[in-house]
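Colleague: First, the structure itself, so that you have it in front of you.
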Amino acid sequence: GITGLKAQIGQTEIEAEIVAKEKGEEAYLDAISAGNTGFLMRQSKYPDLLSLSIGSLQPGKEVRVEFTFVSELKMITTSGQNLITFIYP
């Protein structure tokens with residue numbers, strides 16, 4: 001699952017806090033209401049599908065988003081060799 005989210009808007013870097021869904025939605029709406037940029041990443045009912053909302057972004061501003069996640073790697077044996085596979089959706 002997702003373990004971290006960072007965003008850079010111009011020279012400003014923001015590191016997100018992973019919180020419960022309700023608390024995250026409230027913080028996102030509060031940020032937008034105050035005229036600040038807000039970020040909200042949600043996981044859908046499908047485990048491999050995420051959505052990221054960015055609210056109150058000033059026109060012409062570039063955003064760089066970086067997220068980290070942890071996933072179990074699968075080991076397979078083929079031709080007597082152990083291989084680790086990683087599949088990114």
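Naming scheme: A, B, ... for chains in displayed order of the structure tokens; residues 1 onward per chain; ligands 1 onward as shown.
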Excluding Thr3 of chain A and any residue of its chain fewer than 6 positions from it, enumerate the residues within 9 Å of it, using only C-alpha atoms, and give them as a ChimeraX atom specification.

Modeller: /A:18,67-70

Colleague: Residues near segment 38-40 of chain A, anyone? I mean within 7 Å using only C-alpha atoms, not counting same-chain ones fewer than 5 positions away, as a PyMOL selection string.

Modeller: chain A and resi 24-25+28+31-32+52-56

Colleague: For those residues, write N, CA, C and O atoms to a file as a PDB file, in the first residue's frame.

Modeller:
```pdb
ATOM      1  N   GLY A  24      -8.684  12.814   6.395  1.00  0.00           N
ATOM      2  CA  GLY A  24      -8.033  13.306   5.183  1.00  0.00           C
ATOM      3  C   GLY A  24      -8.957  14.166   4.341  1.00  0.00           C
ATOM      4  O   GLY A  24      -8.561  15.229   3.847  1.00  0.00           O
ATOM      5  N   GLU A  25     -10.190  13.714   4.174  1.00  0.00           N
ATOM      6  CA  GLU A  25     -11.166  14.493   3.396  1.00  0.00           C
ATOM      7  C   GLU A  25     -11.449  15.833   4.061  1.00  0.00           C
ATOM      8  O   GLU A  25     -11.550  16.857   3.396  1.00  0.00           O
ATOM      9  N   TYR A  28      -8.438  18.162   3.547  1.00  0.00           N
ATOM     10  CA  TYR A  28      -8.425  18.599   2.148  1.00  0.00           C
ATOM     11  C   TYR A  28      -9.422  19.740   1.930  1.00  0.00           C
ATOM     12  O   TYR A  28      -9.078  20.781   1.376  1.00  0.00           O
ATOM     13  N   ALA A  31      -8.275  22.960   3.666  1.00  0.00           N
ATOM     14  CA  ALA A  31      -7.195  23.634   2.937  1.00  0.00           C
ATOM     15  C   ALA A  31      -7.763  24.439   1.773  1.00  0.00           C
ATOM     16  O   ALA A  31      -7.395  25.604   1.568  1.00  0.00           O
ATOM     17  N   ILE A  32      -8.670  23.842   1.019  1.00  0.00           N
ATOM     18  CA  ILE A  32      -9.262  24.526  -0.129  1.00  0.00           C
ATOM     19  C   ILE A  32     -10.099  25.721   0.322  1.00  0.00           C
ATOM     20  O   ILE A  32     -10.035  26.796  -0.266  1.00  0.00           O
ATOM     21  N   LEU A  52      -5.903  10.896  -7.239  1.00  0.00           N
ATOM     22  CA  LEU A  52      -5.288  12.009  -6.534  1.00  0.00           C
ATOM     23  C   LEU A  52      -6.019  13.279  -6.925  1.00  0.00           C
ATOM     24  O   LEU A  52      -6.104  13.625  -8.099  1.00  0.00           O
ATOM     25  N   SER A  53      -6.570  13.966  -5.929  1.00  0.00           N
ATOM     26  CA  SER A  53      -7.230  15.247  -6.159  1.00  0.00           C
ATOM     27  C   SER A  53      -6.291  16.348  -5.708  1.00  0.00           C
ATOM     28  O   SER A  53      -5.682  16.267  -4.636  1.00  0.00           O
ATOM     29  N   ILE A  54      -6.144  17.374  -6.553  1.00  0.00           N
ATOM     30  CA  ILE A  54      -5.351  18.549  -6.211  1.00  0.00           C
ATOM     31  C   ILE A  54      -6.282  19.739  -6.340  1.00  0.00           C
ATOM     32  O   ILE A  54      -6.781  20.032  -7.418  1.00  0.00           O
ATOM     33  N   GLY A  55      -6.536  20.399  -5.236  1.00  0.00           N
ATOM     34  CA  GLY A  55      -7.484  21.506  -5.244  1.00  0.00           C
ATOM     35  C   GLY A  55      -6.824  22.838  -4.972  1.00  0.00           C
ATOM     36  O   GLY A  55      -5.825  22.921  -4.261  1.00  0.00           O
ATOM     37  N   SER A  56      -7.368  23.876  -5.553  1.00  0.00           N
ATOM     38  CA  SER A  56      -6.949  25.254  -5.344  1.00  0.00           C
ATOM     39  C   SER A  56      -5.514  25.499  -5.822  1.00  0.00           C
ATOM     40  O   SER A  56      -4.744  26.190  -5.175  1.00  0.00           O
TER      41      SER A  56
END
```

Colleague: Which of chain A counts as strand (DSSP E) under DSSP, as number ranges by chain please?

Modeller: A: 2-9, 12-15, 38-43, 50-55, 63-69, 74-78, 81-85

Colleague: Identify, with DSSP run on backbone atoms, the residues in chain A assigned to alpha helix (DSSP H), and express the list as a count of residues only.

Modeller: 13

Colleague: Excluding Glu66 of chain A and any residue of its chain fewer than 5 positions from it, enumerate the residues within 10 Å of it, using only C-alpha atoms, and give them as a VMD selection string.

Modeller: chain A and resid 4 to 8 15

Colleague: I need the chosen residues saved as a compact mmCIF listing (two decimals), in the first residue's frame, with N, CA and C atoms.

Modeller:
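Written file, again31.txt:
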```txt
# COMPACT_ATOMS: atom_id res chain seq x y z
N GLY A 4 3.75 6.90 1.47
CA GLY A 4 4.15 8.30 1.51
C GLY A 4 3.73 9.04 0.25
N LEU A 5 3.58 10.35 0.39
CA LEU A 5 3.22 11.21 -0.74
C LEU A 5 3.90 12.55 -0.52
N LYS A 6 4.65 13.00 -1.54
CA LYS A 6 5.29 14.31 -1.51
C LYS A 6 4.86 15.06 -2.76
N ALA A 7 4.73 16.36 -2.63
CA ALA A 7 4.39 17.19 -3.78
C ALA A 7 5.27 18.43 -3.73
N GLN A 8 5.64 18.90 -4.91
CA GLN A 8 6.41 20.13 -5.01
C GLN A 8 5.67 21.08 -5.94
N GLU A 15 5.02 17.42 2.32
CA GLU A 15 5.00 15.99 2.60
C GLU A 15 3.68 15.67 3.28
```
